[in-house]
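**Student:** Data file target15.txt (compact mmCIF, C-alpha atoms) is appended below.
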```txt
# COMPACT_ATOMS: atom_id res chain seq x y z
CA MET A 1069 2.98 -2.63 32.92
CA THR A 1070 -0.27 -3.12 31.02
CA ILE A 1071 -1.60 -0.29 28.91
CA THR A 1072 -5.39 -0.24 28.82
CA GLY A 1073 -7.72 1.30 26.30
CA ASP A 1074 -8.22 0.97 22.60
CA VAL A 1075 -5.62 1.62 19.94
CA THR A 1076 -7.11 2.85 16.67
CA VAL A 1077 -5.20 2.30 13.43
CA VAL A 1078 -6.24 4.42 10.45
CA VAL A 1079 -4.94 3.67 6.95
CA HIS A 1080 -4.18 6.69 4.70
CA ASP A 1081 -3.58 6.71 0.98
CA GLU A 1082 -4.80 9.73 -0.97
CA ASP A 1083 -4.30 7.93 -4.29
CA ALA A 1084 -6.49 4.94 -3.39
CA ASP A 1085 -10.20 4.67 -4.13
CA ALA A 1086 -12.71 3.21 -1.66
CA GLN A 1087 -12.21 -0.37 -2.85
CA GLU A 1088 -8.42 -0.09 -2.62
CA LEU A 1089 -8.63 1.43 0.88
CA ASP A 1090 -10.91 -1.41 1.97
CA GLU A 1091 -8.46 -4.00 0.56
CA LEU A 1092 -5.48 -2.31 2.24
CA THR A 1093 -7.32 -2.24 5.57
CA GLN A 1094 -8.30 -5.90 5.18
CA GLN A 1095 -4.65 -6.83 4.54
CA LEU A 1096 -3.49 -4.97 7.65
CA HIS A 1097 -6.32 -6.54 9.68
CA ALA A 1098 -5.17 -10.03 8.67
CA GLU A 1099 -1.57 -9.25 9.62
CA LEU A 1100 -2.53 -7.82 13.01
CA LEU A 1101 -4.64 -10.90 13.75
CA ARG A 1102 -1.45 -12.98 13.53
CA LEU A 1103 -0.23 -11.20 16.67
CA GLU A 1104 -3.03 -12.89 18.62
CA LEU A 1105 -4.24 -9.61 20.08
CA PRO A 1106 -7.32 -9.76 22.35
CA ASP A 1107 -9.58 -8.05 19.78
CA VAL A 1108 -8.93 -6.52 16.35
CA ALA A 1109 -12.07 -5.27 14.61
CA ARG A 1110 -13.02 -2.95 11.80
CA GLY A 1111 -13.99 0.47 13.11
CA SER A 1112 -17.31 2.10 12.39
CA ALA A 1113 -18.21 5.45 10.91
CA PRO A 1114 -21.44 7.45 10.77
CA GLY A 1115 -23.82 6.06 8.13
CA GLY A 1116 -24.98 8.17 5.22
CA THR A 1117 -28.45 9.43 4.51
CA GLY A 1118 -30.86 6.53 4.14
CA ALA A 1119 -28.64 4.06 5.99
CA LYS A 1120 -30.56 1.48 8.06
CA SER A 1121 -28.41 2.13 11.12
CA GLY A 1122 -26.47 5.11 12.32
CA LEU A 1123 -23.10 3.39 11.81
CA VAL A 1124 -21.39 1.58 8.94
CA GLN A 1125 -18.12 -0.32 8.83
CA SER A 1126 -15.19 2.02 8.22
CA LEU A 1127 -13.05 1.41 5.14
CA THR A 1128 -9.89 2.67 6.80
CA THR A 1129 -10.10 2.06 10.54
CA LEU A 1130 -9.16 -0.87 12.76
CA VAL A 1131 -9.71 -0.89 16.53
CA LEU A 1132 -7.45 -2.96 18.78
CA SER A 1133 -9.12 -3.48 22.14
CA GLY A 1134 -7.87 -4.91 25.40
CA GLY A 1135 -4.81 -4.52 27.54
CA PHE A 1136 -1.40 -4.27 25.90
CA SER A 1137 2.12 -4.57 27.19
CA ALA A 1138 4.74 -2.21 25.81
CA ALA A 1139 6.23 -5.20 23.95
CA VAL A 1140 2.91 -5.93 22.25
CA LEU A 1141 2.52 -2.29 21.20
CA ARG A 1142 6.02 -2.35 19.73
CA SER A 1143 5.07 -5.52 17.82
CA VAL A 1144 1.97 -3.79 16.46
CA THR A 1145 4.09 -0.90 15.16
CA VAL A 1146 6.55 -3.32 13.52
CA VAL A 1147 3.67 -5.08 11.73
CA VAL A 1148 2.27 -1.71 10.58
CA ARG A 1149 5.68 -0.47 9.36
CA ASP A 1150 6.36 -3.69 7.46
CA TRP A 1151 2.86 -3.65 5.99
CA ILE A 1152 3.33 -0.05 4.74
CA ARG A 1153 6.55 -1.05 2.98
CA ARG A 1154 4.97 -4.10 1.32
CA SER A 1155 1.55 -2.65 0.46
CA GLY A 1156 2.65 0.74 -0.80
CA ALA A 1157 0.14 2.51 1.47
CA ARG A 1158 1.12 6.10 2.24
CA LYS A 1159 0.85 5.96 6.03
CA ALA A 1160 -1.00 4.70 9.05
CA VAL A 1161 -1.95 6.63 12.16
CA LEU A 1162 -2.12 4.90 15.55
CA VAL A 1163 -4.13 6.68 18.23
CA SER A 1164 -4.68 5.82 21.87
CA GLY A 1165 -6.29 8.43 24.07
CA GLU A 1166 -4.38 11.68 23.58
CA HIS A 1167 -1.38 9.97 22.01
CA ARG A 1168 -0.97 9.80 18.25
CA LEU A 1169 1.72 8.16 16.11
CA GLU A 1170 1.99 8.59 12.34
CA ILE A 1171 4.03 5.93 10.57
CA GLU A 1172 5.25 6.75 7.07
CA ALA A 1173 8.20 5.82 4.93
CA ALA A 1174 11.29 6.87 6.91
CA SER A 1175 14.56 5.48 8.13
CA LYS A 1176 14.38 2.63 10.63
CA LYS A 1177 16.26 4.73 13.21
CA THR A 1178 13.74 7.58 12.95
CA GLN A 1179 10.80 5.18 13.09
CA ASP A 1180 12.23 3.33 16.09
CA ALA A 1181 12.72 6.58 18.01
CA ALA A 1182 9.16 7.76 17.30
CA VAL A 1183 7.68 4.37 18.23
CA GLU A 1184 9.64 4.26 21.48
CA ALA A 1185 8.47 7.77 22.43
CA TRP A 1186 4.82 6.84 21.68
CA VAL A 1187 4.94 3.60 23.67
CA ARG A 1188 6.62 5.35 26.61
CA ALA A 1189 3.99 8.09 26.55
CA LEU A 1190 1.19 5.51 26.63
CA ALA A 1191 2.92 3.70 29.50
CA GLY A 1192 3.36 6.98 31.39
CA GLU A 1193 7.15 6.72 31.28
CA PRO A 1194 9.47 9.68 30.68
CA ALA A 1195 10.76 9.94 27.13
CA PRO A 1196 14.46 9.26 26.57
CA ALA A 1197 16.65 12.11 25.32
CA THR A 1198 16.14 11.31 21.61
CA GLY A 1199 15.21 14.74 20.38
CA ILE A 1200 11.66 13.55 19.69
CA GLU A 1201 9.08 15.41 21.68
CA THR A 1202 5.32 15.58 21.74
CA GLY A 1203 4.14 17.56 18.75
CA THR A 1204 4.91 17.48 15.08
CA ASP A 1205 8.46 17.54 13.80
CA PRO A 1206 8.48 19.73 10.68
CA ALA A 1207 12.13 18.87 10.02
CA ALA A 1208 11.33 15.15 9.71
CA ASP A 1209 9.55 15.23 6.35
CA GLY A 1210 8.02 11.81 5.80
CA ALA A 1211 9.14 10.58 9.22
CA PRO A 1212 6.94 9.07 11.90
CA ARG A 1213 5.90 11.67 14.43
CA GLN A 1214 4.18 11.71 17.72
CA ALA A 1215 1.69 14.54 17.61
CA ALA A 1216 -0.91 15.97 19.92
CA PRO A 1217 -4.53 15.30 18.97
CA SER A 1218 -6.25 17.86 16.82
CA PRO A 1219 -9.38 19.71 17.92
CA GLU A 1220 -11.35 17.64 15.36
CA GLY A 1221 -10.81 14.41 17.27
CA PRO A 1222 -7.96 12.17 18.31
CA ALA A 1223 -7.00 11.23 14.75
CA GLY A 1224 -7.52 14.68 13.20
CA PRO A 1225 -9.17 15.53 9.90
CA ALA A 1226 -6.92 13.32 7.75
CA ALA A 1227 -8.18 10.22 9.56
CA HIS A 1228 -11.56 10.48 7.93
CA GLY A 1229 -10.38 9.05 4.66
```
Rewrite the coordinates I just gave you, this time as structure tokens.

**Tutor:**
Amino acid sequence: MTITGDVTVVVHDEDADAQELDELTQQLHAELLRLELPDVARGSAPGGTGAKSGLVQSLTTLVLSGGFSAAVLRSVTVVVRDWIRRSGARKAVLVSGEHRLEIEAASKKTQDAAVEAWVRALAGEPAPATGIETGTDPAADGAPRQAAPSPEGPAGPAAHG
């Protein structure tokens, strides 16, 4: 089954300045390009006062466009998890439509379960009986979670940098 629509990846690190966030996002962009995805581009954000156009390149957002198989989406999450471990970034949020996945430092088992639930939700498949359900898991401090979108947009307020 092919999953259509964009997948947005937002890099989060509260301790990083704008230059560091841009470098982290560039590193992740380069790693995702190795997957030979149809299109991986920097996202755009509203420009500030005096900007020549209404949009500027986002420091923290990548947009993956095209059709994806479940296997490709799993590969994307593996690249993001490995990149977080190597780069020291705090977390990354993957959003597609109403489905959101936060990947942070956590055990591989917990990450695998959250990734599987997210991919199944995007593919319209029922979730396995893993104990992970749509919504945040307050007991899984620092664990990846699949959460419903916030009223402030699909990636919520934290996605804005």

**Student:** If we count all atoms listed in the file and set the cut-off at 12 Å, which residues sit around Ala1109 (chain A), ignoring sequence neighbours fewer than 6 positions away in its own chain? Please answer as a CSV table (one decimal) with C-alpha atoms, in the frame of the given file.

**Tutor:**
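Full text of selection29.csv as output:
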```csv
chain,number,residue,atom,x,y,z
A,1074,ASP,CA,-8.2,1.0,22.6
A,1075,VAL,CA,-5.6,1.6,19.9
A,1076,THR,CA,-7.1,2.8,16.7
A,1077,VAL,CA,-5.2,2.3,13.4
A,1093,THR,CA,-7.3,-2.2,5.6
A,1094,GLN,CA,-8.3,-5.9,5.2
A,1096,LEU,CA,-3.5,-5.0,7.6
A,1097,HIS,CA,-6.3,-6.5,9.7
A,1098,ALA,CA,-5.2,-10.0,8.7
A,1100,LEU,CA,-2.5,-7.8,13.0
A,1101,LEU,CA,-4.6,-10.9,13.8
A,1125,GLN,CA,-18.1,-0.3,8.8
A,1126,SER,CA,-15.2,2.0,8.2
A,1127,LEU,CA,-13.0,1.4,5.1
A,1128,THR,CA,-9.9,2.7,6.8
A,1129,THR,CA,-10.1,2.1,10.5
A,1130,LEU,CA,-9.2,-0.9,12.8
A,1131,VAL,CA,-9.7,-0.9,16.5
A,1132,LEU,CA,-7.4,-3.0,18.8
A,1133,SER,CA,-9.1,-3.5,22.1
A,1134,GLY,CA,-7.9,-4.9,25.4
```

**Student:** Smallest atom-to-atom distance to Ala1185 (chain A): which of A:Val1079, A:Val1108, A:Val1146, A:Ala1138, using all atoms listed in the file?

**Tutor:**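 Of A:Val1079, A:Val1108, A:Val1146, A:Ala1138, the one nearest Ala1185 (chain A) is A:Ala1138, counting all atoms listed in the file.
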
**Student:** Tell me, as a list of chain:residue names, which residues lie within 7 Å of Lys1159 (chain A), counting all atoms listed in the file; anything in the same chain fewer than 5 positions away does not count.

**Tutor:**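 Contacts, in chain order: A:Val1079, A:His1080, A:Asp1081, A:Ile1152, A:Glu1170, A:Ile1171, A:Glu1172.
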
**Student:** Closest to Thr1145 (chain A) among A:Ala1113, A:Leu1105, A:Val1187, A:Ala1157, using only C-alpha atoms?

**Tutor:**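 Smallest separation from Thr1145 (chain A) among the options: A:Val1187.
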
**Student:** Any idea what the distance is between CA of Lys1176 (chain A) and CA of Thr1070 (chain A)?

**Tutor:**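 Rounded to one decimal, the two atoms are 25.8 Å apart.
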
**Student:** I'd like to know which of A:Val1148, A:Val1078, A:Ala1181, A:Leu1092 is closest to Val1163 (chain A), using all atoms listed in the file.

**Tutor:** A:Val1078

**Student:** Report the distance between CA of Gly1165 (chain A) and CA of Glu1193 (chain A) in Å, rounded to one decimal place.

**Tutor:** 15.3 Å

**Student:** Which is closer to Arg1102 (chain A) than all the others in A:Asp1085, A:Ala1160, A:Val1144, A:Lys1177, using only C-alpha atoms?

**Tutor:**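 For Arg1102 (chain A), the nearest of the given residues is A:Val1144.
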